[in-house]
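Source file: my_file-v8.pdb; contents: PDB, C-alpha atoms.
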ATOM      1  CA  ALA A   1     -12.953  -6.703   3.551
ATOM      2  CA  ASP A   2     -11.954  -9.522   1.192
ATOM      3  CA  VAL A   3     -11.100 -12.484   3.430
ATOM      4  CA  ALA A   4      -8.280 -13.774   1.224
ATOM      5  CA  LEU A   5      -6.636 -10.369   1.014
ATOM      6  CA  VAL A   6      -6.920  -9.897   4.779
ATOM      7  CA  GLN A   7      -5.231 -13.277   5.194
ATOM      8  CA  MET A   8      -2.439 -12.156   2.860
ATOM      9  CA  GLU A   9      -2.065  -8.937   4.853
ATOM     10  CA  ARG A  10      -1.702 -11.048   7.992
ATOM     11  CA  ALA A  11       0.848 -13.349   6.295
ATOM     12  CA  LEU A  12       2.946 -10.450   5.018
ATOM     13  CA  HIS A  13       2.879  -8.811   8.445
ATOM     14  CA  ALA A  14       4.032 -12.106   9.970
ATOM     15  CA  ALA A  15       6.888 -12.311   7.474
ATOM     16  CA  ARG A  16       7.998  -8.774   8.329
ATOM     17  CA  ARG A  17       7.860  -9.588  12.046
ATOM     18  CA  HIS A  18       9.870 -12.810  11.546
ATOM     19  CA  LEU A  19      12.490 -11.400   9.188
ATOM     20  CA  GLY A  20      12.778  -7.987  10.775
ATOM     21  CA  GLY A  21      11.429  -5.877   7.907
ATOM     22  CA  GLY A  22      13.142  -2.653   6.975
ATOM     23  CA  SER A  23      15.062  -1.702   3.857
ATOM     24  CA  LEU A  24      18.411  -0.317   2.816
ATOM     25  CA  ALA A  25      18.760   3.296   1.734
ATOM     26  CA  LEU A  26      21.499   4.934  -0.348
ATOM     27  CA  GLY A  27      22.248   8.620  -0.421
ATOM     28  CA  GLY A  28      23.672  11.208  -2.806
ATOM     29  CA  ALA A  29      25.353  10.176  -6.055
ATOM     30  CA  ALA A  30      25.188   6.499  -5.104
ATOM     31  CA  ALA A  31      21.394   6.698  -4.922
ATOM     32  CA  MET A  32      21.173   8.400  -8.326
ATOM     33  CA  ALA A  33      23.429   5.809  -9.945
ATOM     34  CA  ALA A  34      21.507   2.956  -8.357
ATOM     35  CA  ALA A  35      18.183   4.414  -9.534
ATOM     36  CA  ALA A  36      19.456   4.717 -13.104
ATOM     37  CA  GLU A  37      20.484   1.059 -13.175
ATOM     38  CA  ALA A  38      17.773  -0.345 -10.949
ATOM     39  CA  PRO A  39      15.788  -3.294 -12.295
ATOM     40  CA  ALA A  40      12.030  -3.305 -11.987
ATOM     41  CA  LEU A  41      10.758  -3.738  -8.453
ATOM     42  CA  VAL A  42       7.488  -5.118  -9.845
ATOM     43  CA  ARG A  43       7.115  -6.411 -13.384
ATOM     44  CA  VAL A  44       3.934  -7.898 -14.851
ATOM     45  CA  ARG A  45       4.077  -9.368 -18.343
ATOM     46  CA  ASP A  46       1.035 -10.019 -20.540
ATOM     47  CA  ALA A  47      -1.044 -11.078 -17.531
ATOM     48  CA  SER A  48      -4.573 -12.396 -17.973
ATOM     49  CA  LEU A  49      -7.027 -13.463 -15.306
ATOM     50  CA  ALA A  50     -10.573 -14.777 -15.519
ATOM     51  CA  TYR A  51     -13.191 -15.905 -13.026
ATOM     52  CA  GLY A  52     -14.995 -18.687 -14.834
ATOM     53  CA  ARG A  53     -16.001 -17.317 -18.213
ATOM     54  CA  ARG A  54     -15.665 -13.693 -17.173
ATOM     55  CA  ALA A  55     -12.412 -12.025 -18.168
ATOM     56  CA  VAL A  56     -11.118  -9.835 -15.342
ATOM     57  CA  PHE A  57      -8.155  -8.426 -17.267
ATOM     58  CA  SER A  58      -6.078  -9.635 -20.206
ATOM     59  CA  GLY A  59      -2.718  -8.797 -21.736
ATOM     60  CA  LEU A  60      -1.794  -6.560 -18.790
ATOM     61  CA  SER A  61       1.856  -5.450 -18.639
ATOM     62  CA  PHE A  62       3.604  -2.844 -16.507
ATOM     63  CA  ALA A  63       6.815  -2.257 -14.576
ATOM     64  CA  LEU A  64       7.373  -0.351 -11.365
ATOM     65  CA  ARG A  65      10.777   0.692 -10.048
ATOM     66  CA  ASP A  66      11.983   1.851  -6.651
ATOM     67  CA  GLU A  67      10.067   4.879  -5.345
ATOM     68  CA  GLU A  68       7.631   4.889  -8.297
ATOM     69  CA  SER A  69       3.872   4.549  -7.908
ATOM     70  CA  LEU A  70       1.035   2.889  -9.805
ATOM     71  CA  TYR A  71      -2.638   3.813  -9.637
ATOM     72  CA  VAL A  72      -5.039   1.042 -10.668
ATOM     73  CA  CYS A  73      -8.239   2.838 -11.623
ATOM     74  CA  GLY A  74     -11.602   1.289 -12.361
ATOM     75  CA  PRO A  75     -15.186   0.870 -11.185
ATOM     76  CA  SER A  76     -16.275  -1.736  -8.666
ATOM     77  CA  GLY A  77     -15.867  -5.221 -10.099
ATOM     78  CA  SER A  78     -13.302  -4.212 -12.713
ATOM     79  CA  GLY A  79     -10.501  -6.344 -11.246
ATOM     80  CA  LYS A  80      -8.568  -3.933  -9.012
ATOM     81  CA  THR A  81      -8.553  -6.226  -5.986
ATOM     82  CA  ALA A  82      -7.951  -9.226  -8.257
ATOM     83  CA  LEU A  83      -4.742  -7.585  -9.468
ATOM     84  CA  ILE A  84      -3.593  -6.968  -5.889
ATOM     85  CA  LYS A  85      -4.378 -10.610  -5.094
ATOM     86  CA  ALA A  86      -2.332 -11.713  -8.095
ATOM     87  CA  LEU A  87       0.619  -9.605  -6.952
ATOM     88  CA  CYS A  88       0.319 -11.244  -3.515
ATOM     89  CA  GLY A  89       0.174 -14.733  -5.041
ATOM     90  CA  LEU A  90      -3.387 -15.355  -3.859
ATOM     91  CA  VAL A  91      -4.773 -16.112  -7.309
ATOM     92  CA  GLU A  92      -3.118 -17.817 -10.256
ATOM     93  CA  LEU A  93      -2.939 -16.022 -13.577
ATOM     94  CA  GLU A  94      -4.582 -17.661 -16.558
ATOM     95  CA  SER A  95      -1.606 -16.618 -18.680
ATOM     96  CA  GLY A  96       1.370 -14.292 -18.502
ATOM     97  CA  GLN A  97       3.534 -13.851 -15.433
ATOM     98  CA  ILE A  98       4.550 -11.697 -12.517
ATOM     99  CA  ALA A  99       8.219 -11.618 -13.410
ATOM    100  CA  ALA A 100       9.402  -9.528 -10.454
ATOM    101  CA  MET A 101       8.063  -8.905  -6.969
ATOM    102  CA  PRO A 102       9.903  -8.009  -3.719
ATOM    103  CA  ASN A 103      10.336 -10.529  -0.912
ATOM    104  CA  ALA A 104       7.416 -10.668   1.508
ATOM    105  CA  ASN A 105       9.334  -9.027   4.342
ATOM    106  CA  LEU A 106       9.768  -5.899   2.199
ATOM    107  CA  VAL A 107       6.057  -5.532   1.361
ATOM    108  CA  MET A 108       3.101  -4.134   3.292
ATOM    109  CA  VAL A 109      -0.490  -4.545   2.164
ATOM    110  CA  LEU A 110      -3.490  -2.589   3.426
ATOM    111  CA  CYS A 111      -7.089  -3.528   2.681
ATOM    112  CA  GLN A 112     -10.054  -1.176   2.755
ATOM    113  CA  SER A 113     -10.732  -2.539   6.261
ATOM    114  CA  PRO A 114      -7.170  -3.197   7.476
ATOM    115  CA  LEU A 115      -6.036  -5.445  10.291
ATOM    116  CA  MET A 116      -6.001  -3.731  13.675
ATOM    117  CA  VAL A 117      -4.694  -4.811  17.076
ATOM    118  CA  HIS A 118      -7.666  -5.830  19.221
ATOM    119  CA  ARG A 119      -8.061  -3.226  21.989
ATOM    120  CA  GLY A 120      -4.618  -1.914  21.128
ATOM    121  CA  THR A 121      -3.335   1.587  21.749
ATOM    122  CA  VAL A 122      -2.632   4.058  18.965
ATOM    123  CA  ALA A 123       1.087   3.278  19.228
ATOM    124  CA  GLU A 124       0.433  -0.474  19.040
ATOM    125  CA  GLN A 125      -1.592   0.019  15.841
ATOM    126  CA  ILE A 126       1.291   1.904  14.248
ATOM    127  CA  VAL A 127       4.099  -0.516  15.161
ATOM    128  CA  TYR A 128       2.016  -3.585  14.179
ATOM    129  CA  PRO A 129       2.982  -6.309  13.220
ATOM    130  CA  LYS A 130       5.792  -5.752  15.696
ATOM    131  CA  THR A 131       4.795  -5.801  19.344
ATOM    132  CA  GLU A 132       7.699  -3.962  20.985
ATOM    133  CA  LEU A 133       6.951  -0.292  21.550
ATOM    134  CA  PRO A 134       9.641   2.399  21.374
ATOM    135  CA  GLN A 135      10.719   3.928  24.659
ATOM    136  CA  ASP A 136      10.225   7.378  23.170
ATOM    137  CA  PHE A 137       6.944   8.233  21.431
ATOM    138  CA  ARG A 138       8.251  11.336  19.646
ATOM    139  CA  GLU A 139       8.494   9.646  16.239
ATOM    140  CA  ILE A 140       4.981   8.247  16.583
ATOM    141  CA  SER A 141       3.651  11.642  17.644
ATOM    142  CA  ASP A 142       5.345  13.232  14.618
ATOM    143  CA  LEU A 143       3.754  10.652  12.312
ATOM    144  CA  LEU A 144       0.324  11.268  13.833
ATOM    145  CA  ALA A 145       0.722  14.973  13.133
ATOM    146  CA  LYS A 146       1.813  14.316   9.548
ATOM    147  CA  VAL A 147      -1.263  12.213   8.761
ATOM    148  CA  GLY A 148      -3.731  14.571  10.410
ATOM    149  CA  LEU A 149      -4.167  12.783  13.738
ATOM    150  CA  ALA A 150      -2.352  15.200  16.042
ATOM    151  CA  HIS A 151      -5.325  15.032  18.416
ATOM    152  CA  LEU A 152      -4.552  11.380  19.221
ATOM    153  CA  ARG A 153      -2.043  10.344  21.888
ATOM    154  CA  PRO A 154       0.216   7.319  21.253
ATOM    155  CA  GLU A 155      -0.742   5.691  24.563
ATOM    156  CA  GLN A 156      -4.517   6.088  24.230
ATOM    157  CA  GLY A 157      -6.882   3.272  23.331
ATOM    158  CA  GLY A 158     -10.381   3.318  21.873
ATOM    159  CA  VAL A 159      -9.184   2.929  18.300
ATOM    160  CA  GLU A 160     -12.317   0.885  17.582
ATOM    161  CA  GLN A 161     -14.320   4.121  17.863
ATOM    162  CA  LEU A 162     -12.371   5.927  15.129
ATOM    163  CA  SER A 163     -14.034   6.817  11.851
ATOM    164  CA  ARG A 164     -13.131   4.943   8.673
ATOM    165  CA  ALA A 165     -11.102   7.933   7.500
ATOM    166  CA  ASP A 166      -9.149   8.115  10.767
ATOM    167  CA  VAL A 167      -8.403   4.378  10.606
ATOM    168  CA  GLN A 168      -7.005   4.910   7.113
ATOM    169  CA  ARG A 169      -4.907   7.822   8.382
ATOM    170  CA  LEU A 170      -3.638   5.648  11.220
ATOM    171  CA  CYS A 171      -2.662   2.878   8.813
ATOM    172  CA  LEU A 172      -0.849   5.384   6.617
ATOM    173  CA  ALA A 173       1.207   6.233   9.711
ATOM    174  CA  ARG A 174       1.889   2.493  10.054
ATOM    175  CA  VAL A 175       3.326   2.333   6.541
ATOM    176  CA  LEU A 176       5.410   5.455   7.119
ATOM    177  CA  HIS A 177       6.739   3.984  10.359
ATOM    178  CA  HIS A 178       7.851   0.694   8.758
ATOM    179  CA  ARG A 179       8.958   2.192   5.407
ATOM    180  CA  PRO A 180       8.579  -0.980   3.314
ATOM    181  CA  VAL A 181      10.116  -1.180  -0.145
ATOM    182  CA  LEU A 182       6.597  -1.644  -1.574
ATOM    183  CA  ALA A 183       3.126  -0.857  -0.221
ATOM    184  CA  LEU A 184      -0.020  -2.343  -1.770
ATOM    185  CA  LEU A 185      -2.986  -0.133  -0.896
ATOM    186  CA  ASP A 186      -6.280  -1.707  -1.964
ATOM    187  CA  ASP A 187      -8.890   1.058  -1.604
ATOM    188  CA  ALA A 188      -6.916   2.062   1.488
ATOM    189  CA  GLN A 189      -7.365   5.813   0.945
ATOM    190  CA  THR A 190     -10.921   5.984  -0.358
ATOM    191  CA  GLY A 191     -12.215   7.459   2.907
ATOM    192  CA  LEU A 192      -9.950  10.508   2.624
ATOM    193  CA  PRO A 193     -10.707  13.777   0.829
ATOM    194  CA  GLU A 194      -8.767  14.456  -2.369
ATOM    195  CA  ALA A 195      -6.290  16.871  -0.766
ATOM    196  CA  GLU A 196      -5.373  14.276   1.861
ATOM    197  CA  ARG A 197      -4.941  11.537  -0.746
ATOM    198  CA  GLU A 198      -2.461  13.811  -2.506
ATOM    199  CA  ARG A 199      -0.690  14.484   0.792
ATOM    200  CA  ALA A 200      -0.558  10.728   1.509
ATOM    201  CA  CYS A 201       1.160  10.098  -1.829
ATOM    202  CA  ASP A 202       3.639  12.890  -1.078
ATOM    203  CA  LEU A 203       4.438  11.374   2.312
ATOM    204  CA  LEU A 204       5.028   7.939   0.794
ATOM    205  CA  ARG A 205       7.360   9.420  -1.805
ATOM    206  CA  GLU A 206       9.247  11.391   0.852
ATOM    207  CA  SER A 207       9.732   8.103   2.715
ATOM    208  CA  ARG A 208      11.002   6.488  -0.513
ATOM    209  CA  VAL A 209       8.226   3.891  -0.552
ATOM    210  CA  ALA A 210       7.071   2.527  -3.900
ATOM    211  CA  PHE A 211       3.333   1.928  -3.880
ATOM    212  CA  VAL A 212       0.427   0.481  -5.827
ATOM    213  CA  SER A 213      -2.951   1.930  -4.922
ATOM    214  CA  THR A 214      -6.423   1.209  -6.251
ATOM    215  CA  GLY A 215      -9.501   3.379  -6.577
ATOM    216  CA  SER A 216     -12.288   4.575  -8.824
ATOM    217  CA  ASP A 217     -11.498   8.310  -8.928
ATOM    218  CA  PRO A 218      -9.670   9.186 -12.187
ATOM    219  CA  ASP A 219      -8.393  12.440 -10.642
ATOM    220  CA  ALA A 220      -6.220  10.442  -8.218
ATOM    221  CA  ALA A 221      -4.102   9.292 -11.173
ATOM    222  CA  LYS A 222      -2.193  12.591 -11.203
ATOM    223  CA  HIS A 223      -0.594  11.726  -7.870
ATOM    224  CA  HIS A 224       1.109   8.609  -9.291
ATOM    225  CA  THR A 225       3.880   8.012 -11.819
ATOM    226  CA  HIS A 226       1.984   5.261 -13.661
ATOM    227  CA  VAL A 227      -1.687   4.499 -14.204
ATOM    228  CA  VAL A 228      -3.555   1.373 -15.276
ATOM    229  CA  HIS A 229      -7.235   1.687 -16.205
ATOM    230  CA  LEU A 230      -9.359  -1.454 -15.793
ATOM    231  CA  THR A 231     -12.825  -1.634 -17.350
ATOM    232  CA  ASN A 232     -14.838  -4.761 -18.132
ATOM    233  CA  GLY A 233     -11.901  -7.024 -18.860
ATOM    234  CA  GLU A 234      -9.979  -4.384 -20.799
ATOM    235  CA  GLN A 235      -7.130  -2.169 -19.635
ATOM    236  CA  SER A 236      -4.734   0.523 -20.722
ATOM    237  CA  GLU A 237      -1.541   1.894 -19.207
ATOM    238  CA  GLU A 238      -0.143   5.386 -19.239
ATOM    239  CA  GLU A 239       2.551   7.433 -17.524
ATOM    240  CA  GLU A 240       1.681  10.586 -15.655
ATOM    241  CA  GLU A 241       3.674  13.768 -16.106
TER     242      GLU A 241
END
Exercise: express the given structure as structure tokens:
Amino acid sequence: ADVALVQMERALHAARRHLGGGSLALGGAAAMAAAAEAPALVRVRDASLAYGRRAVFSGLSFALRDEESLYVCGPSGSGKTALIKALCGLVELESGQIAAMPNANLVMVLCQSPLMVHRGTVAEQIVYPKTELPQDFREISDLLAKVGLAHLRPEQGGVEQLSRADVQRLCLARVLHHRPVLALLDDAQTGLPEAERERACDLLRESRVAFVSTGSDPDAAKHHTHVVHLTNGEQSEEEEE
């Protein structure tokens, strides 16, 4: 995993733990009116980034509103992780700006190899970065079933022995448990089959979580409301139906 991005994941988790995390939710007509007038949750304007003489991306612009999703698609080395780093404030843009971004306590970030609680139980992995466990494990058991881990028990350990795909399923349950305003998923679903990636996007939408995910599979674009293609310093944006 990228060390800087892991450090940002740790910092954002610490902010959520310190500030309490969580988000407000509106219902019915109030929610529809708020959505119609809602400003961009994330807005990037004419952003350019280079490593030395190599352009990573240039002139990149997009906006993401509450409960929308963005898929950043491109081959290895095309700048997907660099964009996530820029959104997290880990790298400075050469030009342009990130004009809008939620407060840290409303954001969760998952790397390809996410942070896990050392020798922690399944329940402890899901509630992380918080340390207090619920008295009743029914919600955690329901989440495990939703993400395809019904065979795991909340109180069991041995998470270190899980496959990469199961770790990614477990971390999806973590996001669903915390329900951040925005989730940044850097190659965080690449170990899952296509049908499960679609299901993961559905679960995030049902939980009203806006998300940015990265990957190299163009077919995954159809599960998002917006798509950015990155290739050799160039990019294009499109909206999915």
If you count all atoms listed in the file, which residues fall within 6 Å of segment 204-211 of chain A, apart from same-chain ones fewer than 5 positions away, as a ChimeraX atom specification?
/A:66-69,181-184
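For the pair atom CA of Ala99 of chain A and atom CA of Arg65 of chain A, the separation is 13.0 Å.
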Could you list, as a CSV table (one decimal) with C-alpha atoms, in the frame of the given file, every residue within 8 Å of Glu92 of chain A, counting only C-alpha atoms and ignoring same-chain residues fewer than 3 positions away?
chain,number,residue,atom,x,y,z
A,49,LEU,CA,-7.0,-13.5,-15.3
A,86,ALA,CA,-2.3,-11.7,-8.1
A,89,GLY,CA,0.2,-14.7,-5.0
List as a list of chain:residue names the protein and nucleic acid residues near Phe62 of chain A, meaning an atom at most 9 Å away when only C-alpha atoms are counted, but skip any in the same chain fewer than 4 places from it.
A:Val42, A:Arg43, A:Val44, A:Arg45, A:Asp46, A:His226, A:Val228, A:Glu237
Asp187 of chain A proximity check over A:Pro102, A:Gly158, A:Pro75, A:Gly96, using all atoms listed in the file: winner is A:Pro75
Record the distance separating atom CA of Ala221 of chain A and atom CA of Thr81 of chain A, expressed in Å with one decimal.
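We find that atom CA of Ala221 of chain A and atom CA of Thr81 of chain A lie 17.0 Å from each other.
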On this structure, the PyMOL selection byres ((chain A and resi 108-117) around 6) would catch which residues? List them as a list of chain:residue names, sorted by chain and number.
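So the PyMOL selection byres ((chain A and resi 108-117) around 6), applied here, picks out A:Ala1, A:Glu9, A:Val107, A:His118, A:Gly120, A:Gln125, A:Ala183, A:Leu184, A:Leu185, A:Asp186, A:Asp187, A:Ala188.
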Assuming the chain letters and numbering stay as they are in my file, what does the PyMOL selection byres ((chain A and resi 134-145) around 8) actually select? List them as an mmCIF file with C-alpha atoms, in the frame of the given file.
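Dumped everything to result32.cif:
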data_model
loop_
_atom_site.group_PDB
_atom_site.id
_atom_site.type_symbol
_atom_site.label_atom_id
_atom_site.label_comp_id
_atom_site.auth_asym_id
_atom_site.auth_seq_id
_atom_site.Cartn_x
_atom_site.Cartn_y
_atom_site.Cartn_z
ATOM 1 C CA ALA A 123 1.087 3.278 19.228
ATOM 2 C CA ILE A 126 1.291 1.904 14.248
ATOM 3 C CA GLU A 132 7.699 -3.962 20.985
ATOM 4 C CA LEU A 133 6.951 -0.292 21.550
ATOM 5 C CA LYS A 146 1.813 14.316 9.548
ATOM 6 C CA VAL A 147 -1.263 12.213 8.761
ATOM 7 C CA GLY A 148 -3.731 14.571 10.410
ATOM 8 C CA LEU A 149 -4.167 12.783 13.738
ATOM 9 C CA ALA A 150 -2.352 15.200 16.042
ATOM 10 C CA LEU A 152 -4.552 11.380 19.221
ATOM 11 C CA ARG A 153 -2.043 10.344 21.888
ATOM 12 C CA PRO A 154 0.216 7.319 21.253
ATOM 13 C CA LEU A 170 -3.638 5.648 11.220
ATOM 14 C CA ALA A 173 1.207 6.233 9.711
ATOM 15 C CA LEU A 176 5.410 5.455 7.119
ATOM 16 C CA HIS A 177 6.739 3.984 10.359
#
